[in-house]
file final_19.cif (mmCIF, C-alpha atoms and all ligand atoms)
data_coords
#
loop_
_atom_site.group_PDB
_atom_site.id
_atom_site.type_symbol
_atom_site.label_atom_id
_atom_site.label_comp_id
_atom_site.auth_asym_id
_atom_site.auth_seq_id
_atom_site.Cartn_x
_atom_site.Cartn_y
_atom_site.Cartn_z
ATOM 1 C CA MET A 1 -98.617 69.752 81.178
ATOM 2 C CA ARG A 2 -95.922 67.469 82.574
ATOM 3 C CA LEU A 3 -93.077 69.164 80.691
ATOM 4 C CA GLN A 4 -93.772 72.803 81.545
ATOM 5 C CA GLY A 5 -90.502 74.737 81.772
ATOM 6 C CA LYS A 6 -88.506 72.055 79.937
ATOM 7 C CA VAL A 7 -86.661 72.555 76.670
ATOM 8 C CA ALA A 8 -86.578 69.673 74.196
ATOM 9 C CA LEU A 9 -84.629 69.150 70.969
ATOM 10 C CA VAL A 10 -85.963 66.746 68.324
ATOM 11 C CA THR A 11 -83.960 65.726 65.257
ATOM 12 C CA GLY A 12 -85.530 64.804 61.915
ATOM 13 C CA ALA A 13 -88.735 66.753 62.551
ATOM 14 C CA GLY A 14 -89.147 68.924 59.455
ATOM 15 C CA ASP A 15 -91.710 66.823 57.580
ATOM 16 C CA SER A 16 -95.269 67.195 58.890
ATOM 17 C CA ARG A 17 -95.844 63.455 58.318
ATOM 18 C CA SER A 18 -92.685 62.402 60.168
ATOM 19 C CA ILE A 19 -92.264 60.681 63.511
ATOM 20 C CA GLY A 20 -89.997 63.561 64.553
ATOM 21 C CA TRP A 21 -92.839 66.018 64.110
ATOM 22 C CA GLY A 22 -95.157 63.697 66.070
ATOM 23 C CA ILE A 23 -92.598 63.707 68.881
ATOM 24 C CA ALA A 24 -92.125 67.494 68.775
ATOM 25 C CA GLN A 25 -95.873 68.081 68.875
ATOM 26 C CA ALA A 26 -96.406 65.586 71.719
ATOM 27 C CA LEU A 27 -93.664 67.192 73.827
ATOM 28 C CA ALA A 28 -95.080 70.661 73.117
ATOM 29 C CA ASP A 29 -98.573 69.439 74.054
ATOM 30 C CA GLU A 30 -97.118 68.638 77.494
ATOM 31 C CA GLY A 31 -95.766 72.175 77.822
ATOM 32 C CA ALA A 32 -92.184 71.830 76.545
ATOM 33 C CA ASP A 33 -90.477 74.452 74.429
ATOM 34 C CA VAL A 34 -89.005 72.720 71.405
ATOM 35 C CA VAL A 35 -86.006 73.013 69.100
ATOM 36 C CA ILE A 36 -86.834 71.162 65.906
ATOM 37 C CA ASN A 37 -84.138 69.988 63.553
ATOM 38 C CA ASP A 38 -83.882 68.704 60.026
ATOM 39 C CA ALA A 39 -81.112 68.502 57.437
ATOM 40 C CA VAL A 40 -83.128 69.731 54.460
ATOM 41 C CA GLN A 41 -85.798 72.237 53.422
ATOM 42 C CA PRO A 42 -85.255 75.151 55.866
ATOM 43 C CA GLU A 43 -88.567 76.806 54.859
ATOM 44 C CA ARG A 44 -90.500 73.670 55.747
ATOM 45 C CA LEU A 45 -88.680 73.449 59.086
ATOM 46 C CA GLU A 46 -89.381 77.113 59.799
ATOM 47 C CA GLN A 47 -93.070 76.452 59.056
ATOM 48 C CA ARG A 48 -93.132 73.704 61.700
ATOM 49 C CA ALA A 49 -91.542 76.046 64.263
ATOM 50 C CA ALA A 50 -94.076 78.747 63.391
ATOM 51 C CA GLU A 51 -96.849 76.204 63.940
ATOM 52 C CA LEU A 52 -95.576 75.518 67.465
ATOM 53 C CA ARG A 53 -95.227 79.235 68.175
ATOM 54 C CA SER A 54 -98.819 79.786 67.035
ATOM 55 C CA GLN A 55 -99.829 77.286 69.743
ATOM 56 C CA GLY A 56 -98.069 79.433 72.365
ATOM 57 C CA HIS A 57 -94.773 77.544 72.680
ATOM 58 C CA ARG A 58 -91.261 78.838 72.307
ATOM 59 C CA ALA A 59 -89.833 77.069 69.269
ATOM 60 C CA LEU A 60 -86.633 77.226 67.257
ATOM 61 C CA ALA A 61 -85.892 75.773 63.820
ATOM 62 C CA ALA A 62 -82.320 74.442 63.705
ATOM 63 C CA LEU A 63 -81.072 73.191 60.368
ATOM 64 C CA ALA A 64 -78.214 70.685 60.734
ATOM 65 C CA ASP A 65 -77.076 67.390 59.304
ATOM 66 C CA VAL A 66 -76.737 65.122 62.355
ATOM 67 C CA SER A 67 -73.991 63.126 60.661
ATOM 68 C CA GLN A 68 -71.753 66.223 60.678
ATOM 69 C CA PRO A 69 -70.292 66.772 64.169
ATOM 70 C CA GLU A 70 -69.517 70.455 63.683
ATOM 71 C CA GLN A 71 -73.096 71.117 62.540
ATOM 72 C CA VAL A 72 -74.450 69.248 65.572
ATOM 73 C CA GLU A 73 -72.212 71.267 67.908
ATOM 74 C CA ALA A 74 -73.330 74.541 66.310
ATOM 75 C CA MET A 75 -76.980 73.500 66.634
ATOM 76 C CA PHE A 76 -76.634 72.756 70.371
ATOM 77 C CA GLU A 77 -74.687 75.983 70.957
ATOM 78 C CA ARG A 78 -77.473 77.932 69.313
ATOM 79 C CA ALA A 79 -80.213 75.978 71.087
ATOM 80 C CA VAL A 80 -78.748 76.708 74.524
ATOM 81 C CA ALA A 81 -77.984 80.336 73.623
ATOM 82 C CA GLU A 82 -81.538 80.991 72.421
ATOM 83 C CA MET A 83 -83.616 78.676 74.616
ATOM 84 C CA GLY A 84 -81.492 78.815 77.788
ATOM 85 C CA ARG A 85 -80.998 75.080 78.381
ATOM 86 C CA ILE A 86 -81.640 71.552 77.080
ATOM 87 C CA ASP A 87 -83.563 69.028 79.201
ATOM 88 C CA ILE A 88 -84.820 66.467 76.691
ATOM 89 C CA VAL A 89 -83.277 65.224 73.447
ATOM 90 C CA ALA A 90 -85.118 62.974 71.014
ATOM 91 C CA SER A 91 -82.439 61.703 68.631
ATOM 92 C CA ASN A 92 -84.804 60.560 65.956
ATOM 93 C CA ALA A 93 -83.381 61.342 62.489
ATOM 94 C CA GLY A 94 -82.762 58.201 60.464
ATOM 95 C CA VAL A 95 -82.584 56.952 56.895
ATOM 96 C CA ILE A 96 -83.263 53.693 55.100
ATOM 97 C CA ARG A 97 -82.403 52.431 51.631
ATOM 98 C CA TRP A 98 -84.251 49.263 50.682
ATOM 99 C CA GLU A 99 -81.916 47.065 48.645
ATOM 100 C CA HIS A 100 -80.797 43.502 48.363
ATOM 101 C CA PHE A 101 -77.651 42.718 50.327
ATOM 102 C CA LEU A 102 -75.830 41.854 47.093
ATOM 103 C CA ASP A 103 -76.671 45.268 45.617
ATOM 104 C CA ILE A 104 -75.625 47.493 48.512
ATOM 105 C CA THR A 105 -73.519 50.363 47.240
ATOM 106 C CA PRO A 106 -70.705 51.958 49.267
ATOM 107 C CA LYS A 107 -72.581 55.265 48.983
ATOM 108 C CA ASN A 108 -75.735 53.909 50.638
ATOM 109 C CA LEU A 109 -73.751 51.959 53.213
ATOM 110 C CA ARG A 110 -71.956 55.180 54.180
ATOM 111 C CA LEU A 111 -75.181 57.191 54.321
ATOM 112 C CA ILE A 112 -77.062 54.746 56.556
ATOM 113 C CA VAL A 113 -74.146 54.278 58.958
ATOM 114 C CA ASN A 114 -73.359 57.997 59.020
ATOM 115 C CA VAL A 115 -76.892 59.081 59.910
ATOM 116 C CA ASN A 116 -78.176 56.145 61.972
ATOM 117 C CA ILE A 117 -75.041 55.461 64.018
ATOM 118 C CA LYS A 118 -72.717 58.437 63.845
ATOM 119 C CA GLY A 119 -75.629 60.889 63.911
ATOM 120 C CA ASN A 120 -76.923 59.393 67.158
ATOM 121 C CA VAL A 121 -73.420 59.432 68.634
ATOM 122 C CA TYR A 122 -72.865 63.114 67.822
ATOM 123 C CA VAL A 123 -76.332 64.187 69.005
ATOM 124 C CA CYS A 124 -76.194 62.174 72.241
ATOM 125 C CA ARG A 125 -72.680 63.390 73.028
ATOM 126 C CA ALA A 126 -73.616 67.045 72.494
ATOM 127 C CA ALA A 127 -76.769 66.508 74.576
ATOM 128 C CA ALA A 128 -74.966 64.779 77.454
ATOM 129 C CA GLN A 129 -72.253 67.450 77.597
ATOM 130 C CA ARG A 130 -74.858 70.200 78.019
ATOM 131 C CA MET A 131 -76.972 68.222 80.500
ATOM 132 C CA ILE A 132 -73.934 67.409 82.642
ATOM 133 C CA ALA A 133 -72.883 71.079 82.614
ATOM 134 C CA GLN A 134 -76.390 72.118 83.704
ATOM 135 C CA GLY A 135 -76.114 69.689 86.622
ATOM 136 C CA ASP A 136 -79.751 68.683 87.039
ATOM 137 C CA GLY A 137 -80.191 65.584 84.928
ATOM 138 C CA GLY A 138 -81.762 65.071 81.543
ATOM 139 C CA ARG A 139 -83.563 62.702 79.207
ATOM 140 C CA ILE A 140 -82.278 61.199 75.969
ATOM 141 C CA VAL A 141 -84.565 59.074 73.791
ATOM 142 C CA ILE A 142 -83.368 57.529 70.537
ATOM 143 C CA THR A 143 -85.784 56.373 67.849
ATOM 144 C CA SER A 144 -84.451 52.985 66.791
ATOM 145 C CA SER A 145 -86.969 50.575 65.275
ATOM 146 C CA VAL A 146 -88.724 47.255 65.689
ATOM 147 C CA GLN A 147 -85.804 46.243 63.468
ATOM 148 C CA ALA A 148 -83.551 46.571 66.511
ATOM 149 C CA ASP A 149 -84.871 43.090 67.326
ATOM 150 C CA MET A 150 -86.475 41.811 64.147
ATOM 151 C CA GLN A 151 -85.017 40.828 60.787
ATOM 152 C CA PHE A 152 -86.438 42.234 57.554
ATOM 153 C CA PRO A 153 -85.246 41.401 54.039
ATOM 154 C CA LEU A 154 -83.791 44.224 51.920
ATOM 155 C CA ALA A 155 -82.693 46.293 54.918
ATOM 156 C CA PRO A 156 -79.693 44.495 56.469
ATOM 157 C CA ILE A 157 -77.561 47.595 57.052
ATOM 158 C CA TYR A 158 -80.482 49.623 58.386
ATOM 159 C CA GLY A 159 -81.395 46.747 60.745
ATOM 160 C CA ALA A 160 -77.793 46.452 61.896
ATOM 161 C CA THR A 161 -77.631 50.168 62.727
ATOM 162 C CA LYS A 162 -80.889 49.912 64.679
ATOM 163 C CA HIS A 163 -79.754 46.798 66.558
ATOM 164 C CA ALA A 164 -76.553 48.678 67.441
ATOM 165 C CA MET A 165 -78.694 51.134 69.419
ATOM 166 C CA HIS A 166 -79.427 48.425 72.033
ATOM 167 C CA ILE A 167 -75.811 48.328 73.176
ATOM 168 C CA PHE A 168 -75.243 52.031 72.601
ATOM 169 C CA VAL A 169 -78.243 52.997 74.750
ATOM 170 C CA GLY A 170 -77.259 50.568 77.508
ATOM 171 C CA CYS A 171 -73.677 51.858 77.636
ATOM 172 C CA LEU A 172 -74.823 55.483 77.709
ATOM 173 C CA ALA A 173 -77.403 54.721 80.383
ATOM 174 C CA LEU A 174 -74.606 53.306 82.571
ATOM 175 C CA GLU A 175 -72.206 56.173 81.948
ATOM 176 C CA LEU A 176 -74.787 58.906 82.395
ATOM 177 C CA ALA A 177 -76.718 57.478 85.370
ATOM 178 C CA PRO A 178 -74.444 59.256 87.894
ATOM 179 C CA HIS A 179 -75.610 62.517 86.290
ATOM 180 C CA ASN A 180 -79.287 61.521 86.531
ATOM 181 C CA ILE A 181 -79.530 61.452 82.744
ATOM 182 C CA THR A 182 -81.727 58.616 81.490
ATOM 183 C CA VAL A 183 -81.180 57.055 78.054
ATOM 184 C CA ASN A 184 -83.773 54.864 76.351
ATOM 185 C CA HIS A 185 -84.961 53.960 72.855
ATOM 186 C CA ILE A 186 -88.323 53.471 71.201
ATOM 187 C CA GLY A 187 -89.048 50.992 68.413
ATOM 188 C CA PRO A 188 -91.712 52.042 65.928
ATOM 189 C CA GLY A 189 -93.032 49.195 63.783
ATOM 190 C CA TRP A 190 -94.911 50.539 60.784
ATOM 191 C CA VAL A 191 -95.754 54.216 60.562
ATOM 192 C CA GLN A 192 -96.837 55.481 57.155
ATOM 193 C CA THR A 193 -94.301 58.318 56.799
ATOM 194 C CA THR A 194 -92.330 59.462 53.758
ATOM 195 C CA LEU A 195 -89.656 56.933 54.773
ATOM 196 C CA ASN A 196 -92.148 54.122 54.152
ATOM 197 C CA ASP A 197 -93.695 55.462 50.939
ATOM 198 C CA VAL A 198 -90.914 53.692 49.051
ATOM 199 C CA ALA A 199 -90.919 50.518 51.144
ATOM 200 C CA PRO A 200 -91.330 47.269 49.218
ATOM 201 C CA GLY A 201 -94.826 45.900 49.636
ATOM 202 C CA GLN A 202 -96.366 49.316 50.383
ATOM 203 C CA GLN A 203 -96.826 50.730 46.913
ATOM 204 C CA SER A 204 -100.430 49.754 46.234
ATOM 205 C CA ALA A 205 -103.642 49.790 48.270
ATOM 206 C CA GLU A 206 -103.634 45.971 48.234
ATOM 207 C CA GLU A 207 -100.102 45.809 49.584
ATOM 208 C CA ILE A 208 -100.855 48.323 52.316
ATOM 209 C CA GLU A 209 -103.921 46.303 53.298
ATOM 210 C CA ALA A 210 -101.799 43.138 53.438
ATOM 211 C CA ASN A 211 -99.383 44.969 55.728
ATOM 212 C CA ARG A 212 -102.241 46.137 57.902
ATOM 213 C CA GLN A 213 -103.420 42.552 58.285
ATOM 214 C CA SER A 214 -99.939 41.452 59.305
ATOM 215 C CA VAL A 215 -99.841 43.739 62.345
ATOM 216 C CA PRO A 216 -101.497 42.109 65.390
ATOM 217 C CA LEU A 217 -103.364 45.362 66.187
ATOM 218 C CA LYS A 218 -104.203 45.585 62.471
ATOM 219 C CA ARG A 219 -103.161 49.110 61.658
ATOM 220 C CA ALA A 220 -100.145 51.328 61.156
ATOM 221 C CA GLY A 221 -98.961 53.392 64.115
ATOM 222 C CA LEU A 222 -99.583 57.124 64.355
ATOM 223 C CA THR A 223 -96.748 59.598 64.698
ATOM 224 C CA SER A 224 -98.570 60.982 67.747
ATOM 225 C CA GLU A 225 -98.338 57.526 69.355
ATOM 226 C CA MET A 226 -94.556 57.551 68.887
ATOM 227 C CA GLY A 227 -94.590 61.026 70.443
ATOM 228 C CA ARG A 228 -96.465 59.831 73.510
ATOM 229 C CA ALA A 229 -93.927 57.046 74.065
ATOM 230 C CA VAL A 230 -91.142 59.635 74.061
ATOM 231 C CA THR A 231 -93.213 61.797 76.425
ATOM 232 C CA TYR A 232 -93.407 58.871 78.841
ATOM 233 C CA TYR A 233 -89.613 58.651 78.997
ATOM 234 C CA ALA A 234 -89.246 62.450 79.128
ATOM 235 C CA SER A 235 -91.793 63.056 81.900
ATOM 236 C CA SER A 236 -91.648 62.223 85.614
ATOM 237 C CA ASP A 237 -93.400 58.928 84.753
ATOM 238 C CA GLY A 238 -90.031 57.822 83.384
ATOM 239 C CA ASN A 239 -87.937 58.995 86.343
ATOM 240 C CA TYR A 240 -86.727 55.501 87.241
ATOM 241 C CA VAL A 241 -86.467 54.056 83.725
ATOM 242 C CA THR A 242 -83.137 53.935 81.921
ATOM 243 C CA GLY A 243 -81.398 51.636 79.439
ATOM 244 C CA THR A 244 -84.672 50.225 78.128
ATOM 245 C CA PHE A 245 -86.353 49.607 74.767
ATOM 246 C CA LEU A 246 -90.056 50.313 74.222
ATOM 247 C CA ARG A 247 -91.556 48.814 71.085
ATOM 248 C CA VAL A 248 -94.461 50.943 69.851
ATOM 249 C CA ASP A 249 -95.463 48.648 67.031
ATOM 250 C CA GLY A 250 -98.976 47.242 67.488
ATOM 251 C CA GLY A 251 -97.376 43.887 68.313
ATOM 252 C CA LEU A 252 -95.426 43.547 65.056
ATOM 253 C CA GLY A 253 -92.261 42.582 66.939
ATOM 254 C CA ILE A 254 -93.854 39.576 68.627
ATOM 255 C CA GLY A 255 -94.869 38.052 65.316
ATOM 256 C CA LYS A 256 -97.063 38.546 62.329
ATOM 257 C CA TYR A 257 -100.783 38.067 62.725
ATOM 258 C CA SER A 258 -101.456 34.514 61.651
ATOM 259 C CA TYR A 259 -104.942 33.221 62.461
HETATM 260 N N1 LIG A 301 -91.757 55.060 59.626
HETATM 261 C C1 LIG A 301 -91.574 53.889 60.207
HETATM 262 O O1 LIG A 301 -92.381 52.963 60.043
HETATM 263 C C2 LIG A 301 -90.385 53.667 61.095
HETATM 264 C C3 LIG A 301 -90.270 52.404 61.697
HETATM 265 C C4 LIG A 301 -89.209 52.172 62.545
HETATM 266 C C5 LIG A 301 -88.282 53.150 62.795
HETATM 267 N N2 LIG A 301 -88.399 54.372 62.183
HETATM 268 C C6 LIG A 301 -87.388 55.373 62.506
HETATM 269 O O2 LIG A 301 -88.033 56.555 62.925
HETATM 270 C C7 LIG A 301 -87.195 57.671 62.629
HETATM 271 C C8 LIG A 301 -87.995 58.697 61.876
HETATM 272 O O3 LIG A 301 -88.440 58.107 60.666
HETATM 273 P P1 LIG A 301 -89.675 58.650 59.805
HETATM 274 O O4 LIG A 301 -90.471 57.476 59.438
HETATM 275 O O5 LIG A 301 -90.293 59.804 60.452
HETATM 276 O O6 LIG A 301 -88.856 59.091 58.509
HETATM 277 P P2 LIG A 301 -89.052 60.377 57.568
HETATM 278 O O7 LIG A 301 -88.137 60.130 56.419
HETATM 279 O O8 LIG A 301 -90.469 60.618 57.333
HETATM 280 O O9 LIG A 301 -88.486 61.543 58.462
HETATM 281 C C9 LIG A 301 -87.119 61.592 58.825
HETATM 282 C C10 LIG A 301 -86.659 63.035 58.813
HETATM 283 O O10 LIG A 301 -85.263 63.021 59.153
HETATM 284 C C11 LIG A 301 -84.616 63.936 58.312
HETATM 285 N N3 LIG A 301 -83.196 63.547 58.182
HETATM 286 C C12 LIG A 301 -82.657 62.594 57.398
HETATM 287 N N4 LIG A 301 -81.322 62.602 57.506
HETATM 288 C C13 LIG A 301 -81.020 63.578 58.393
HETATM 289 C C14 LIG A 301 -79.808 64.074 58.902
HETATM 290 N N5 LIG A 301 -78.626 63.582 58.499
HETATM 291 N N6 LIG A 301 -79.845 65.093 59.801
HETATM 292 C C15 LIG A 301 -81.043 65.624 60.197
HETATM 293 N N7 LIG A 301 -82.231 65.196 59.722
HETATM 294 C C16 LIG A 301 -82.215 64.193 58.828
HETATM 295 C C17 LIG A 301 -85.330 63.834 56.982
HETATM 296 O O11 LIG A 301 -85.109 64.991 56.170
HETATM 297 C C18 LIG A 301 -86.789 63.689 57.428
HETATM 298 O O12 LIG A 301 -87.443 64.927 57.535
HETATM 299 C C19 LIG A 301 -86.007 57.118 61.857
HETATM 300 O O13 LIG A 301 -84.920 56.934 62.737
HETATM 301 C C20 LIG A 301 -86.511 55.792 61.350
HETATM 302 O O14 LIG A 301 -85.474 54.886 61.117
HETATM 303 C C21 LIG A 301 -89.428 54.636 61.332
#
call {"tool": "encode", "arguments": {"input": "final_19.cif", "output": "structure tokens"}}
result
Amino acid sequence: MRLQGKVALVTGAGDSRSIGWGIAQALADEGADVVINDAVQPERLEQRAAELRSQGHRALAALADVSQPEQVEAMFERAVAEMGRIDIVASNAGVIRWEHFLDITPKNLRLIVNVNIKGNVYVCRAAAQRMIAQGDGGRIVITSSVQADMQFPLAPIYGATKHAMHIFVGCLALELAPHNITVNHIGPGWVQTTLNDVAPGQQSAEEIEANRQSVPLKRAGLTSEMGRAVTYYASSDGNYVTGTFLRVDGGLGIGKYSY
């Protein structure tokens, strides 16, 4: 129970199969009270919060689109008003649209940049403002991707937004260090969430098996494993760790399995 007495906020956590939910559950398992966010399906989000409450945690469902700064501000206002404080923020919400570079539409370009870059900026800014005002540090963990370092076809804009998190996290870590706020990012490789149901090469059992074989540890990651990586950064184990990137990808980022 390393996070007893802490309050965490996790974005993009409404879907029970999502990485965000894996993070929320992992933080709650360590004793944190949790604000869970999503942009859609308020009933589903409320169900997740009820699930946490049934396990004995304080939990709040906070609907907001992270790409809308006024919605993010309202969410943080409410979170602090109802939960008392914010110690840990997992800025996890993200979107992908698989398409050939030549086919990218302005609409999809806008969506991916708005959620994956602007959304992280708005969430991290709102988080840092509250943590600085509280005066006793804080933890920010962004979910980027193995694509922060690794090129994939059909996802050039997504990859660019994830790579951007390297510099963003480093700059924030420098600016927020005097306030004892750490800023890090995790890089999932392949986790079989809704986001990946539409991924090219993952439609059939054969394709999924081929993907499995291409991961050095030979399986997809679990959302709970992403959650434990965030817990590492959020707990006292991560006290002296800031500005870093932790791939949680079964080795995918070091190369495809080839012998
Ligand atoms: N699944 C993977 O293999 C994988 C790999 C690398 C990185 N990631 C990253 O992990 C994060 C979570 O992905 P996932 O696989 O759980 O995806 P997911 O689609 O299963 O879940 C993402 C959740 O975020 C919500 N969301 C989308 N836009 C939002 C917005 N504007 N505001 C608030 N919530 C919003 C969605 O409604 C959804 O519930 C993303 O940042 C994604 O890029 C995923």
call {"tool": "atom_distance", "arguments": {"input": "final_19.cif", "atom1": "atom CA of Ala127 of chain A", "atom2": "atom CA of Phe168 of chain A"}}
result
14.7 Å
call {"tool": "axis_aligned_box", "arguments": {"input": "final_19.cif", "around": "ligand LIG 301 (chain A)", "padding_each_side": "6 Å", "output": "lines of an AutoDock Vina configuration file"}}
result
center_x = -85.5
center_y = 58.9
center_z = 59.5
size_x = 25.8
size_y = 25.5
size_z = 18.8
call {"tool": "residues_near_ligand", "arguments": {"input": "final_19.cif", "ligand": "ligand LIG 301 (chain A)", "cutoff": "7 Å", "atoms": "only C-alpha atoms and all ligand atoms", "output": "ChimeraX atom specification"}}
result
/A:11-15,17-20,37-40,64-67,92-96,115-116,119,143-147,187-196
call {"tool": "resolve_selection", "arguments": {"input": "final_19.cif", "expression": "the PyMOL selection byres (((chain A and resi 233) around 9) and not hetatm)", "output": "number ranges by chain"}}
result
A: 139-141, 182-184, 228-232, 234-239, 241-242
call {"tool": "closest_residue", "arguments": {"input": "final_19.cif", "among": "A:Ile132, A:Val123, A:Leu9, A:Val169", "to": "Met83 of chain A", "atoms": "all atoms listed in the file"}}
result
A:Leu9
call {"tool": "atom_distance", "arguments": {"input": "final_19.cif", "atom1": "atom CA of Leu111 of chain A", "atom2": "atom CA of Glu77 of chain A"}}
result
25.1 Å
call {"tool": "resolve_selection", "arguments": {"input": "final_19.cif", "expression": "the PyMOL selection byres (((chain A and resi 57) around 8) and not hetatm)", "output": "NGL selection string"}}
result
:A and (28 or 31-34 or 52-56 or 58-59)
call {"tool": "write_last_selection", "arguments": {"input": "final_19.cif", "atoms": "C-alpha atoms", "output": "PDB file, in the frame of the given file"}}
result
ATOM      1  CA  ALA A  28     -95.080  70.661  73.117  1.00  0.00           C
ATOM      2  CA  GLY A  31     -95.766  72.175  77.822  1.00  0.00           C
ATOM      3  CA  ALA A  32     -92.184  71.830  76.545  1.00  0.00           C
ATOM      4  CA  ASP A  33     -90.477  74.452  74.429  1.00  0.00           C
ATOM      5  CA  VAL A  34     -89.005  72.720  71.405  1.00  0.00           C
ATOM      6  CA  LEU A  52     -95.576  75.518  67.465  1.00  0.00           C
ATOM      7  CA  ARG A  53     -95.227  79.235  68.175  1.00  0.00           C
ATOM      8  CA  SER A  54     -98.819  79.786  67.035  1.00  0.00           C
ATOM      9  CA  GLN A  55     -99.829  77.286  69.743  1.00  0.00           C
ATOM     10  CA  GLY A  56     -98.069  79.433  72.365  1.00  0.00           C
ATOM     11  CA  ARG A  58     -91.261  78.838  72.307  1.00  0.00           C
ATOM     12  CA  ALA A  59     -89.833  77.069  69.269  1.00  0.00           C
TER      13      ALA A  59
END
call {"tool": "closest_residue", "arguments": {"input": "final_19.cif", "among": "A:Ala24, A:Leu45, A:Leu154, A:Ile254", "to": "Leu63 of chain A", "atoms": "only C-alpha atoms"}}
result
A:Leu45
call {"tool": "atom_distance", "arguments": {"input": "final_19.cif", "atom1": "atom CA of Val72 of chain A", "atom2": "atom CA of Ser91 of chain A"}}
result
11.4 Å
call {"tool": "residues_near_point", "arguments": {"input": "final_19.cif", "point": "(-95.1, 39.2, 65.4)", "cutoff": "12 Å", "atoms": "all atoms listed in the file", "output": "MDAnalysis selection string"}}
result
chainID A and resid 146:147 149:151 189 213:218 247 249:259
call {"tool": "resolve_selection", "arguments": {"input": "final_19.cif", "expression": "the PyMOL selection byres (((chain A and resi 223) around 6) and not hetatm)", "output": "PyMOL selection string"}}
result
chain A and resi 19+22+222+224-226
call {"tool": "closest_residue", "arguments": {"input": "final_19.cif", "among": "A:Pro69, A:Gly201, A:Gly227, A:Pro178", "to": "Gly137 of chain A", "atoms": "all atoms listed in the file"}}
result
A:Pro178
call {"tool": "residues_around", "arguments": {"input": "final_19.cif", "residues": "Ile157 of chain A", "least_positions_apart": "2", "cutoff": "10 Å", "atoms": "only C-alpha atoms", "output": "PyMOL selection string"}}
result
chain A and resi 96-99+101+104+108-110+112-113+116+154-155+159-163
call {"tool": "residues_around", "arguments": {"input": "final_19.cif", "residues": "Gln134 of chain A", "least_positions_apart": "3", "cutoff": "12 Å", "atoms": "all atoms listed in the file", "output": "list of chain:residue names"}}
result
A:Val80, A:Gly84, A:Arg85, A:Ile86, A:Asp87, A:Ala127, A:Ala128, A:Gln129, A:Arg130, A:Met131, A:Gly137, A:Gly138, A:His179, A:Asn180, A:Ile181
call {"tool": "closest_residue", "arguments": {"input": "final_19.cif", "among": "A:Ile167, A:Phe152, A:Ser16, A:Leu3", "to": "Ala199 of chain A", "atoms": "all atoms listed in the file"}}
result
A:Phe152
call {"tool": "closest_residue", "arguments": {"input": "final_19.cif", "among": "A:Ile23, A:Ala62, A:Met75, A:Glu30", "to": "Glu43 of chain A", "atoms": "only C-alpha atoms"}}
result
A:Ala62
call {"tool": "decode", "arguments": {"input": "final_19.cif", "residues": "segment 14-25 of chain A", "atoms": "N, CA and C atoms", "output": "CSV table (one decimal), in the first residue's frame"}}
result
chain,number,residue,atom,x,y,z
A,14,GLY,N,-11.9,5.1,-19.2
A,14,GLY,CA,-13.3,4.6,-19.1
A,14,GLY,C,-13.6,3.2,-19.6
A,15,ASP,N,-12.7,2.7,-20.5
A,15,ASP,CA,-12.9,1.4,-21.1
A,15,ASP,C,-12.2,0.4,-20.2
A,16,SER,N,-13.0,-0.7,-19.8
A,16,SER,CA,-12.4,-1.7,-18.9
A,16,SER,C,-11.2,-2.4,-19.5
A,17,ARG,N,-11.0,-2.4,-20.9
A,17,ARG,CA,-9.9,-3.0,-21.5
A,17,ARG,C,-8.7,-2.1,-21.7
A,18,SER,N,-8.9,-0.8,-21.3
A,18,SER,CA,-7.9,0.2,-21.6
A,18,SER,C,-6.7,0.2,-20.7
A,19,ILE,N,-5.6,0.8,-21.2
A,19,ILE,CA,-4.4,1.0,-20.4
A,19,ILE,C,-4.7,1.9,-19.2
A,20,GLY,N,-5.5,2.9,-19.5
A,20,GLY,CA,-5.9,3.9,-18.4
A,20,GLY,C,-6.6,3.2,-17.2
A,21,TRP,N,-7.5,2.2,-17.5
A,21,TRP,CA,-8.1,1.5,-16.5
A,21,TRP,C,-7.1,0.6,-15.7
A,22,GLY,N,-6.2,0.0,-16.5
A,22,GLY,CA,-5.1,-0.8,-15.8
A,22,GLY,C,-4.3,0.1,-14.9
A,23,ILE,N,-4.0,1.3,-15.3
A,23,ILE,CA,-3.3,2.3,-14.4
A,23,ILE,C,-4.1,2.6,-13.2
A,24,ALA,N,-5.4,3.0,-13.4
A,24,ALA,CA,-6.2,3.4,-12.3
A,24,ALA,C,-6.3,2.2,-11.3
A,25,GLN,N,-6.5,1.0,-11.8
A,25,GLN,CA,-6.6,-0.1,-10.8
A,25,GLN,C,-5.3,-0.4,-10.1
